[in-house]
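Undergrad: Structure file run05.cif, mmCIF, C-alpha atoms, pLDDT in the B column; chains and numbers go by the auth columns, is pasted below:
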data_run
#
loop_
_atom_site.group_PDB
_atom_site.id
_atom_site.type_symbol
_atom_site.label_atom_id
_atom_site.label_comp_id
_atom_site.label_asym_id
_atom_site.label_seq_id
_atom_site.Cartn_x
_atom_site.Cartn_y
_atom_site.Cartn_z
_atom_site.B_iso_or_equiv
_atom_site.auth_seq_id
_atom_site.auth_asym_id
ATOM 1 C CA MET A 1 -38.668 104.110 128.396 87.00 267 A
ATOM 2 C CA TYR A 2 -37.803 101.115 126.202 91.00 268 A
ATOM 3 C CA PHE A 3 -41.361 99.850 126.758 94.00 269 A
ATOM 4 C CA LEU A 4 -42.675 102.988 125.048 96.00 270 A
ATOM 5 C CA VAL A 5 -40.106 102.621 122.255 96.00 271 A
ATOM 6 C CA ALA A 6 -41.118 98.953 121.730 97.00 272 A
ATOM 7 C CA LEU A 7 -44.803 99.978 121.716 97.00 273 A
ATOM 8 C CA PHE A 8 -44.104 102.650 119.091 97.00 274 A
ATOM 9 C CA LEU A 9 -42.080 100.203 116.958 97.00 275 A
ATOM 10 C CA ALA A 10 -44.847 97.593 117.259 97.00 276 A
ATOM 11 C CA LEU A 11 -47.446 100.117 116.046 97.00 277 A
ATOM 12 C CA VAL A 12 -45.256 101.318 113.153 97.00 278 A
ATOM 13 C CA SER A 13 -44.343 97.776 112.033 97.00 279 A
ATOM 14 C CA THR A 14 -47.993 96.660 112.253 96.00 280 A
ATOM 15 C CA CYS A 15 -49.036 99.613 110.045 97.00 281 A
ATOM 16 C CA LEU A 16 -46.228 98.757 107.585 97.00 282 A
ATOM 17 C CA TRP A 17 -47.332 95.113 107.542 94.00 283 A
ATOM 18 C CA TYR A 18 -50.948 96.157 106.876 93.00 284 A
ATOM 19 C CA PHE A 19 -50.197 98.623 104.093 95.00 285 A
ATOM 20 C CA LEU A 20 -47.574 96.412 102.428 95.00 286 A
ATOM 21 C CA ARG A 21 -49.454 93.132 102.981 89.00 287 A
ATOM 22 C CA GLU A 22 -49.364 92.319 99.256 92.00 288 A
ATOM 23 C CA LYS A 23 -45.542 92.210 99.361 91.00 289 A
ATOM 24 C CA LYS A 24 -45.389 88.850 101.121 89.00 290 A
ATOM 25 C CA ALA A 25 -41.654 88.331 100.442 89.00 291 A
ATOM 26 C CA LEU A 26 -40.859 91.118 102.927 92.00 292 A
ATOM 27 C CA HIS A 27 -42.332 89.060 105.814 93.00 293 A
ATOM 28 C CA LEU A 28 -43.185 92.212 107.750 95.00 294 A
ATOM 29 C CA GLU A 29 -45.377 90.116 110.032 94.00 295 A
ATOM 30 C CA ILE A 30 -42.148 88.843 111.636 95.00 296 A
ATOM 31 C CA LEU A 31 -41.127 92.399 112.539 96.00 297 A
ATOM 32 C CA ALA A 32 -44.589 93.234 113.907 96.00 298 A
ATOM 33 C CA ILE A 33 -44.743 89.996 115.923 96.00 299 A
ATOM 34 C CA THR A 34 -41.227 90.525 117.386 97.00 300 A
ATOM 35 C CA TYR A 35 -41.883 94.091 118.536 97.00 301 A
ATOM 36 C CA GLY A 36 -45.402 93.162 119.695 97.00 302 A
ATOM 37 C CA ALA A 37 -44.068 90.259 121.793 97.00 303 A
ATOM 38 C CA ALA A 38 -41.360 92.434 123.390 97.00 304 A
ATOM 39 C CA THR A 39 -43.966 95.127 124.160 97.00 305 A
ATOM 40 C CA LEU A 40 -46.220 92.615 125.925 97.00 306 A
ATOM 41 C CA MET A 41 -43.299 91.173 127.907 97.00 307 A
ATOM 42 C CA TRP A 42 -42.142 94.620 129.009 96.00 308 A
ATOM 43 C CA LEU A 43 -45.745 95.512 129.885 96.00 309 A
ATOM 44 C CA ILE A 44 -45.709 92.651 132.406 96.00 310 A
ATOM 45 C CA ASP A 45 -42.324 93.912 133.663 94.00 311 A
ATOM 46 C CA CYS A 46 -43.755 97.438 134.093 95.00 312 A
ATOM 47 C CA ILE A 47 -46.808 96.102 135.959 95.00 313 A
ATOM 48 C CA ALA A 48 -44.521 94.072 138.265 94.00 314 A
ATOM 49 C CA SER A 49 -42.401 97.184 138.929 93.00 315 A
ATOM 50 C CA ALA A 50 -45.533 99.212 139.713 94.00 316 A
ATOM 51 C CA ILE A 51 -46.745 96.507 142.136 94.00 317 A
ATOM 52 C CA GLU A 52 -43.339 96.552 143.875 91.00 318 A
ATOM 53 C CA GLY A 53 -43.667 100.343 144.202 91.00 319 A
ATOM 54 C CA GLU A 54 -40.871 101.243 141.770 89.00 320 A
ATOM 55 C CA GLY A 55 -43.169 103.072 139.345 87.00 321 A
ATOM 56 C CA PHE A 56 -44.702 101.889 136.064 88.00 322 A
ATOM 57 C CA LEU A 57 -42.078 103.470 133.799 87.00 323 A
ATOM 58 C CA SER A 58 -38.370 104.056 134.363 83.00 324 A
ATOM 59 C CA PHE A 59 -36.212 106.659 132.651 86.00 325 A
ATOM 60 C CA GLU A 60 -32.578 105.781 133.350 86.00 326 A
ATOM 61 C CA ILE A 61 -30.610 107.921 130.948 83.00 327 A
ATOM 62 C CA PRO A 62 -28.378 106.935 129.087 91.00 328 A
ATOM 63 C CA LEU A 63 -28.946 103.190 129.789 91.00 329 A
ATOM 64 C CA ASP A 64 -32.557 103.247 128.555 92.00 330 A
ATOM 65 C CA ILE A 65 -31.448 104.949 125.336 95.00 331 A
ATOM 66 C CA TRP A 66 -28.988 102.114 124.658 96.00 332 A
ATOM 67 C CA ILE A 67 -31.692 99.534 125.377 95.00 333 A
ATOM 68 C CA SER A 68 -34.048 101.389 123.028 95.00 334 A
ATOM 69 C CA VAL A 69 -31.384 101.334 120.295 96.00 335 A
ATOM 70 C CA TRP A 70 -30.897 97.594 120.931 96.00 336 A
ATOM 71 C CA THR A 71 -34.684 97.088 120.680 96.00 337 A
ATOM 72 C CA LEU A 72 -34.736 98.723 117.245 97.00 338 A
ATOM 73 C CA LEU A 73 -31.587 97.023 115.905 97.00 339 A
ATOM 74 C CA GLY A 74 -32.204 93.632 117.552 97.00 340 A
ATOM 75 C CA GLY A 75 -35.707 93.443 116.069 97.00 341 A
ATOM 76 C CA LEU A 76 -34.429 94.424 112.617 97.00 342 A
ATOM 77 C CA LEU A 77 -31.585 91.892 112.843 97.00 343 A
ATOM 78 C CA PHE A 78 -33.957 89.096 113.915 96.00 344 A
ATOM 79 C CA TRP A 79 -36.339 89.985 111.064 96.00 345 A
ATOM 80 C CA GLY A 80 -33.474 90.133 108.565 96.00 346 A
ATOM 81 C CA VAL A 81 -32.067 86.747 109.551 96.00 347 A
ATOM 82 C CA ILE A 82 -35.467 84.969 109.511 94.00 348 A
ATOM 83 C CA THR A 83 -36.409 86.609 106.182 94.00 349 A
ATOM 84 C CA LEU A 84 -33.104 85.504 104.623 95.00 350 A
ATOM 85 C CA VAL A 85 -33.596 81.939 105.912 93.00 351 A
ATOM 86 C CA LEU A 86 -37.168 81.846 104.514 91.00 352 A
ATOM 87 C CA TYR A 87 -35.962 83.336 101.202 90.00 353 A
ATOM 88 C CA SER A 88 -33.236 80.709 100.754 91.00 354 A
ATOM 89 C CA LYS A 89 -35.682 77.949 101.793 87.00 355 A
ATOM 90 C CA ASN A 90 -38.261 79.084 99.218 84.00 356 A
ATOM 91 C CA LYS A 91 -35.565 79.389 96.536 83.00 357 A
ATOM 92 C CA LYS A 92 -34.476 75.781 97.141 78.00 358 A
ATOM 93 C CA GLN A 93 -38.071 74.544 96.780 73.00 359 A
ATOM 94 C CA MET B 1 -33.450 88.765 136.513 75.00 980 B
ATOM 95 C CA ALA B 2 -33.942 85.888 134.091 87.00 981 B
ATOM 96 C CA CYS B 3 -37.654 86.000 133.260 90.00 982 B
ATOM 97 C CA PHE B 4 -36.920 85.686 129.512 93.00 983 B
ATOM 98 C CA LEU B 5 -35.612 82.125 130.117 95.00 984 B
ATOM 99 C CA VAL B 6 -39.210 80.935 130.633 96.00 985 B
ATOM 100 C CA THR B 7 -40.230 82.083 127.141 96.00 986 B
ATOM 101 C CA THR B 8 -36.933 80.763 125.716 96.00 987 B
ATOM 102 C CA ALA B 9 -37.635 77.293 127.145 97.00 988 B
ATOM 103 C CA ALA B 10 -41.208 77.488 125.829 97.00 989 B
ATOM 104 C CA ALA B 11 -39.912 78.532 122.380 97.00 990 B
ATOM 105 C CA ILE B 12 -37.647 75.458 122.261 97.00 991 B
ATOM 106 C CA GLY B 13 -40.593 73.238 123.260 97.00 992 B
ATOM 107 C CA VAL B 14 -42.931 74.803 120.690 97.00 993 B
ATOM 108 C CA GLY B 15 -40.198 74.458 118.043 97.00 994 B
ATOM 109 C CA ALA B 16 -39.946 70.735 118.728 97.00 995 B
ATOM 110 C CA ALA B 17 -43.756 70.388 118.646 96.00 996 B
ATOM 111 C CA ARG B 18 -43.887 72.295 115.331 95.00 997 B
ATOM 112 C CA HIS B 19 -41.376 69.892 113.764 95.00 998 B
ATOM 113 C CA ILE B 20 -43.423 66.876 114.885 95.00 999 B
ATOM 114 C CA VAL B 21 -46.693 68.418 113.612 93.00 1000 B
ATOM 115 C CA ALA B 22 -45.067 69.388 110.273 91.00 1001 B
ATOM 116 C CA HIS B 23 -43.770 65.847 109.860 93.00 1002 B
ATOM 117 C CA LYS B 24 -47.249 64.417 110.534 92.00 1003 B
ATOM 118 C CA GLU B 25 -48.865 66.884 108.102 89.00 1004 B
ATOM 119 C CA LYS B 26 -46.385 65.855 105.386 88.00 1005 B
ATOM 120 C CA LYS B 27 -46.856 62.166 106.126 90.00 1006 B
ATOM 121 C CA ASN B 28 -50.679 62.374 106.037 86.00 1007 B
ATOM 122 C CA ASN B 29 -50.628 64.775 103.051 82.00 1008 B
ATOM 123 C CA VAL B 30 -53.041 67.145 104.814 80.00 1009 B
ATOM 124 C CA ASP B 31 -54.956 69.587 102.613 76.00 1010 B
ATOM 125 C CA LYS B 32 -54.151 73.341 102.922 73.00 1011 B
ATOM 126 C CA VAL B 33 -57.821 74.260 103.426 72.00 1012 B
ATOM 127 C CA GLU B 34 -58.110 71.668 106.185 72.00 1013 B
ATOM 128 C CA LEU B 35 -55.070 73.188 107.912 76.00 1014 B
ATOM 129 C CA GLU B 36 -56.648 76.662 107.956 75.00 1015 B
ATOM 130 C CA ASP B 37 -59.233 75.503 110.511 75.00 1016 B
ATOM 131 C CA LYS B 38 -56.702 73.703 112.702 79.00 1017 B
ATOM 132 C CA ILE B 39 -55.398 75.708 115.673 79.00 1018 B
ATOM 133 C CA PHE B 40 -52.312 73.550 116.145 83.00 1019 B
ATOM 134 C CA SER B 41 -51.100 73.450 112.535 87.00 1020 B
ATOM 135 C CA SER B 42 -47.347 73.752 111.887 89.00 1021 B
ATOM 136 C CA GLN B 43 -47.811 77.236 110.392 90.00 1022 B
ATOM 137 C CA LYS B 44 -49.701 78.563 113.429 92.00 1023 B
ATOM 138 C CA LEU B 45 -47.250 76.927 115.822 95.00 1024 B
ATOM 139 C CA GLY B 46 -44.511 78.621 113.785 94.00 1025 B
ATOM 140 C CA TYR B 47 -46.071 82.001 114.582 94.00 1026 B
ATOM 141 C CA LEU B 48 -46.159 81.090 118.290 96.00 1027 B
ATOM 142 C CA GLU B 49 -42.497 80.041 118.134 96.00 1028 B
ATOM 143 C CA LEU B 50 -41.646 83.320 116.419 96.00 1029 B
ATOM 144 C CA THR B 51 -43.528 85.296 119.082 96.00 1030 B
ATOM 145 C CA LEU B 52 -41.688 83.541 121.907 97.00 1031 B
ATOM 146 C CA TRP B 53 -38.220 83.794 120.299 97.00 1032 B
ATOM 147 C CA GLY B 54 -38.704 87.421 119.234 96.00 1033 B
ATOM 148 C CA GLY B 55 -39.679 88.579 122.709 96.00 1034 B
ATOM 149 C CA ALA B 56 -37.031 86.453 124.431 96.00 1035 B
ATOM 150 C CA ILE B 57 -34.174 87.767 122.237 96.00 1036 B
ATOM 151 C CA LEU B 58 -35.047 91.431 122.764 96.00 1037 B
ATOM 152 C CA LEU B 59 -35.443 90.893 126.515 96.00 1038 B
ATOM 153 C CA ALA B 60 -32.143 88.985 126.690 95.00 1039 B
ATOM 154 C CA GLY B 61 -30.437 92.100 125.278 95.00 1040 B
ATOM 155 C CA GLU B 62 -32.142 94.283 127.879 95.00 1041 B
ATOM 156 C CA HIS B 63 -30.956 91.904 130.642 95.00 1042 B
ATOM 157 C CA ALA B 64 -27.410 92.104 129.269 94.00 1043 B
ATOM 158 C CA PHE B 65 -27.533 95.920 129.466 94.00 1044 B
ATOM 159 C CA HIS B 66 -28.726 95.643 133.092 93.00 1045 B
ATOM 160 C CA GLU B 67 -25.811 93.212 133.730 92.00 1046 B
ATOM 161 C CA GLU B 68 -28.223 90.478 134.802 92.00 1047 B
ATOM 162 C CA ILE B 69 -26.609 88.124 132.280 91.00 1048 B
ATOM 163 C CA THR B 70 -22.877 88.038 131.590 88.00 1049 B
ATOM 164 C CA TYR B 71 -20.448 86.289 129.245 87.00 1050 B
ATOM 165 C CA LYS B 72 -18.806 84.557 132.243 85.00 1051 B
ATOM 166 C CA PHE B 73 -19.965 81.237 133.653 85.00 1052 B
ATOM 167 C CA PRO B 74 -22.638 80.738 135.114 85.00 1053 B
ATOM 168 C CA TRP B 75 -23.847 83.520 132.731 89.00 1054 B
ATOM 169 C CA LEU B 76 -26.631 84.582 135.080 90.00 1055 B
ATOM 170 C CA THR B 77 -25.357 87.206 137.544 90.00 1056 B
ATOM 171 C CA ALA B 78 -27.777 86.048 140.243 89.00 1057 B
ATOM 172 C CA ALA B 79 -26.476 82.469 139.994 88.00 1058 B
ATOM 173 C CA GLY B 80 -23.040 83.666 141.113 85.00 1059 B
ATOM 174 C CA GLU B 81 -24.379 85.710 144.035 88.00 1060 B
ATOM 175 C CA GLY B 82 -25.387 82.858 146.346 88.00 1061 B
ATOM 176 C CA PRO B 83 -28.541 80.896 147.220 92.00 1062 B
ATOM 177 C CA GLU B 84 -30.625 83.926 148.277 93.00 1063 B
ATOM 178 C CA ALA B 85 -30.174 85.592 144.880 92.00 1064 B
ATOM 179 C CA VAL B 86 -30.921 82.281 143.115 93.00 1065 B
ATOM 180 C CA LYS B 87 -34.109 81.925 145.166 94.00 1066 B
ATOM 181 C CA GLU B 88 -35.152 85.443 144.189 92.00 1067 B
ATOM 182 C CA MET B 89 -34.338 84.727 140.538 93.00 1068 B
ATOM 183 C CA LEU B 90 -36.411 81.528 140.520 94.00 1069 B
ATOM 184 C CA PHE B 91 -39.303 83.367 142.193 94.00 1070 B
ATOM 185 C CA GLU B 92 -39.143 86.041 139.498 93.00 1071 B
ATOM 186 C CA MET B 93 -39.073 83.382 136.778 94.00 1072 B
ATOM 187 C CA GLY B 94 -42.092 81.666 138.327 95.00 1073 B
ATOM 188 C CA THR B 95 -44.133 84.866 138.600 95.00 1074 B
ATOM 189 C CA ILE B 96 -43.088 87.467 136.003 96.00 1075 B
ATOM 190 C CA GLY B 97 -41.663 84.891 133.543 96.00 1076 B
ATOM 191 C CA VAL B 98 -44.795 82.737 133.634 97.00 1077 B
ATOM 192 C CA ALA B 99 -47.024 85.838 133.343 97.00 1078 B
ATOM 193 C CA MET B 100 -45.042 86.858 130.231 97.00 1079 B
ATOM 194 C CA LEU B 101 -45.512 83.392 128.755 97.00 1080 B
ATOM 195 C CA VAL B 102 -49.254 83.450 129.493 97.00 1081 B
ATOM 196 C CA ILE B 103 -49.744 86.878 127.873 97.00 1082 B
ATOM 197 C CA LEU B 104 -47.789 85.835 124.744 97.00 1083 B
ATOM 198 C CA VAL B 105 -49.676 82.548 124.332 97.00 1084 B
ATOM 199 C CA GLY B 106 -52.945 84.425 124.989 97.00 1085 B
ATOM 200 C CA ALA B 107 -52.095 87.037 122.322 97.00 1086 B
ATOM 201 C CA TRP B 108 -51.214 84.281 119.829 96.00 1087 B
ATOM 202 C CA PHE B 109 -54.429 82.371 120.576 95.00 1088 B
ATOM 203 C CA GLY B 110 -56.465 85.585 120.273 96.00 1089 B
ATOM 204 C CA GLY B 111 -54.835 86.314 116.899 93.00 1090 B
ATOM 205 C CA VAL B 112 -55.505 82.780 115.620 92.00 1091 B
ATOM 206 C CA MET B 113 -59.161 82.944 116.704 93.00 1092 B
ATOM 207 C CA LEU B 114 -59.577 86.411 115.164 92.00 1093 B
ATOM 208 C CA LEU B 115 -58.193 85.202 111.813 88.00 1094 B
ATOM 209 C CA ARG B 116 -60.495 82.168 111.949 89.00 1095 B
ATOM 210 C CA TRP B 117 -63.522 84.375 112.650 92.00 1096 B
ATOM 211 C CA LEU B 118 -62.617 86.772 109.820 90.00 1097 B
ATOM 212 C CA ARG B 119 -62.195 83.862 107.375 88.00 1098 B
ATOM 213 C CA ASN B 120 -65.523 82.313 108.385 88.00 1099 B
ATOM 214 C CA ARG B 121 -67.271 85.686 108.042 91.00 1100 B
ATOM 215 C CA LYS B 122 -65.770 86.144 104.572 89.00 1101 B
ATOM 216 C CA LYS B 123 -66.989 82.683 103.572 87.00 1102 B
ATOM 217 C CA LYS B 124 -70.467 83.423 104.953 89.00 1103 B
ATOM 218 C CA VAL B 125 -70.715 86.711 103.033 90.00 1104 B
ATOM 219 C CA ALA B 126 -69.512 84.976 99.841 88.00 1105 B
ATOM 220 C CA THR B 127 -72.165 82.220 100.135 87.00 1106 B
ATOM 221 C CA GLN B 128 -74.917 84.773 100.908 85.00 1107 B
ATOM 222 C CA GLU B 129 -74.000 86.782 97.806 80.00 1108 B
ATOM 223 C CA LYS B 130 -74.378 83.657 95.665 72.00 1109 B
#
Using structure tokens, write down the structure from this file.
TA:
Amino acid sequence: MYFLVALFLALVSTCLWYFLREKKALHLEILAITYGAATLMWLIDCIASAIEGEGFLSFEIPLDIWISVWTLLGGLLFWGVITLVLYSKNKKQ
Amino acid sequence: MACFLVTTAAAIGVGAARHIVAHKEKKNNVDKVELEDKIFSSQKLGYLELTLWGGAILLAGEHAFHEEITYKFPWLTAAGEGPEAVKEMLFEMGTIGVAMLVILVGAWFGGVMLLRWLRNRKKKVATQEK
């Protein structure tokens, strides 16, 4: 389930990055890259599960919901931290 | 089990390489336009590092939820379950972990090549219009 959530977040963040590409200070590419990378990694995980006969997607409720929430918040936190670091770096220069 | 450790290790390696490349670029005073055509410029390596760290951090969280990593030493649940579990973990790292690394590096390389192609096409159109 969290693979689908990551895929959705990757698509949304990529659209945001494209439409707000003039606002470079937001560094939305970081958000798109983070969710995109997690999606690709979980895609490999899903393929491996399918090969092992466990099924391509898993829906373990409520665990998958918590992982989906972590995916959203973890990505936002990572983006926030990197953006703040880049902002302070640019300010110094 | 611990497949994200492969991308984490790669991210640390790429980070070190980026620092070396950035230092060389600064030392040689490389032109910005010249850097645009370089695949292994510090900026492009920075994007690869970001890709690897981003994916690894989100997957580390997922592994924590599945109790595959813990706050207790040796932090990896499989490492405390005996040699058979360690063997299985290493096998998973060598197969799924490496596949994850390959797909991320491939996506980054594809993105870099796409940007290069778009820039060259833009230049070509601009010179034809002149």
Undergrad: What is the distance between atom CA of Cys312 of chain A and atom CA of Gly1090 of chain B, in Å to one decimal?
TA: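 Taking atom CA of Cys312 of chain A as the start and atom CA of Gly1090 of chain B as the end point, the length is 23.3 Å.
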Undergrad: Using all atoms listed in the file, find the residues of chain A whose closest atom to chain B is at most 12 Å away, then write them as a PDB file with C-alpha atoms, keeping the file's coordinate frame.
TA:
ATOM      1  CA  MET A 267     -38.668 104.110 128.396  1.00 87.00           C
ATOM      2  CA  TYR A 268     -37.803 101.115 126.202  1.00 91.00           C
ATOM      3  CA  PHE A 269     -41.361  99.850 126.758  1.00 94.00           C
ATOM      4  CA  ALA A 272     -41.118  98.953 121.730  1.00 97.00           C
ATOM      5  CA  ALA A 276     -44.847  97.593 117.259  1.00 97.00           C
ATOM      6  CA  HIS A 293     -42.332  89.060 105.814  1.00 93.00           C
ATOM      7  CA  GLU A 295     -45.377  90.116 110.032  1.00 94.00           C
ATOM      8  CA  ILE A 296     -42.148  88.843 111.636  1.00 95.00           C
ATOM      9  CA  LEU A 297     -41.127  92.399 112.539  1.00 96.00           C
ATOM     10  CA  ALA A 298     -44.589  93.234 113.907  1.00 96.00           C
ATOM     11  CA  ILE A 299     -44.743  89.996 115.923  1.00 96.00           C
ATOM     12  CA  THR A 300     -41.227  90.525 117.386  1.00 97.00           C
ATOM     13  CA  TYR A 301     -41.883  94.091 118.536  1.00 97.00           C
ATOM     14  CA  GLY A 302     -45.402  93.162 119.695  1.00 97.00           C
ATOM     15  CA  ALA A 303     -44.068  90.259 121.793  1.00 97.00           C
ATOM     16  CA  ALA A 304     -41.360  92.434 123.390  1.00 97.00           C
ATOM     17  CA  THR A 305     -43.966  95.127 124.160  1.00 97.00           C
ATOM     18  CA  LEU A 306     -46.220  92.615 125.925  1.00 97.00           C
ATOM     19  CA  MET A 307     -43.299  91.173 127.907  1.00 97.00           C
ATOM     20  CA  TRP A 308     -42.142  94.620 129.009  1.00 96.00           C
ATOM     21  CA  LEU A 309     -45.745  95.512 129.885  1.00 96.00           C
ATOM     22  CA  ILE A 310     -45.709  92.651 132.406  1.00 96.00           C
ATOM     23  CA  ASP A 311     -42.324  93.912 133.663  1.00 94.00           C
ATOM     24  CA  CYS A 312     -43.755  97.438 134.093  1.00 95.00           C
ATOM     25  CA  ILE A 313     -46.808  96.102 135.959  1.00 95.00           C
ATOM     26  CA  ALA A 314     -44.521  94.072 138.265  1.00 94.00           C
ATOM     27  CA  SER A 315     -42.401  97.184 138.929  1.00 93.00           C
ATOM     28  CA  ILE A 317     -46.745  96.507 142.136  1.00 94.00           C
ATOM     29  CA  GLU A 326     -32.578 105.781 133.350  1.00 86.00           C
ATOM     30  CA  PRO A 328     -28.378 106.935 129.087  1.00 91.00           C
ATOM     31  CA  LEU A 329     -28.946 103.190 129.789  1.00 91.00           C
ATOM     32  CA  ASP A 330     -32.557 103.247 128.555  1.00 92.00           C
ATOM     33  CA  ILE A 331     -31.448 104.949 125.336  1.00 95.00           C
ATOM     34  CA  TRP A 332     -28.988 102.114 124.658  1.00 96.00           C
ATOM     35  CA  ILE A 333     -31.692  99.534 125.377  1.00 95.00           C
ATOM     36  CA  SER A 334     -34.048 101.389 123.028  1.00 95.00           C
ATOM     37  CA  VAL A 335     -31.384 101.334 120.295  1.00 96.00           C
ATOM     38  CA  TRP A 336     -30.897  97.594 120.931  1.00 96.00           C
ATOM     39  CA  THR A 337     -34.684  97.088 120.680  1.00 96.00           C
ATOM     40  CA  LEU A 338     -34.736  98.723 117.245  1.00 97.00           C
ATOM     41  CA  LEU A 339     -31.587  97.023 115.905  1.00 97.00           C
ATOM     42  CA  GLY A 340     -32.204  93.632 117.552  1.00 97.00           C
ATOM     43  CA  GLY A 341     -35.707  93.443 116.069  1.00 97.00           C
ATOM     44  CA  LEU A 342     -34.429  94.424 112.617  1.00 97.00           C
ATOM     45  CA  LEU A 343     -31.585  91.892 112.843  1.00 97.00           C
ATOM     46  CA  PHE A 344     -33.957  89.096 113.915  1.00 96.00           C
ATOM     47  CA  TRP A 345     -36.339  89.985 111.064  1.00 96.00           C
ATOM     48  CA  VAL A 347     -32.067  86.747 109.551  1.00 96.00           C
ATOM     49  CA  ILE A 348     -35.467  84.969 109.511  1.00 94.00           C
ATOM     50  CA  THR A 349     -36.409  86.609 106.182  1.00 94.00           C
TER      51      THR A 349
END
Undergrad: One decimal, in Å: what's the spacing between atom CA of Ala990 of chain B and atom CA of Leu1024 of chain B?
TA: 10.0 Å
Undergrad: Quick one: distance from atom CA of Glu1047 of chain B to atom CA of Met1072 of chain B in Å, one decimal?
TA: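 Pair atom CA of Glu1047 of chain B / atom CA of Met1072 of chain B returns 13.1 Å.
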Undergrad: So, with all atoms listed in the file as the atoms that count, which of B:Leu1097, B:Val985, B:Val1091, B:Ile1018 lies closest to Val1000 of chain B?
TA: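 Of B:Leu1097, B:Val985, B:Val1091, B:Ile1018, the one nearest Val1000 of chain B is B:Ile1018, counting all atoms listed in the file.
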Undergrad: Around the point (-52.9, 74.6, 111.2), in the coordinates given by the file, pick out the residues reaching within 12 Å, counting all atoms listed in the file, and return them as a list in words.
TA: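 Those within range, by chain then number, are Arg997, Val1000, Ala1001, Lys1003, Glu1004, Val1009, Asp1010, Lys1011, Val1012, Glu1013, Leu1014, Glu1015, Asp1016, Lys1017, Ile1018, Phe1019, Ser1020, Ser1021, Gln1022, Lys1023, Leu1024, Gly1025, Tyr1026, Leu1027, Val1091, Met1092, Leu1094 and Arg1095 of chain B.
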Undergrad: Quick one: 8 Å padding each side, axis-aligned, all listed atoms of segment 990-1009 of chain B - centre and edge lengths in Å to one decimal, as lines of an AutoDock Vina configuration file?
TA:
center_x = -45.3
center_y = 70.3
center_z = 113.2
size_x = 31.4
size_y = 32.4
size_z = 36.2
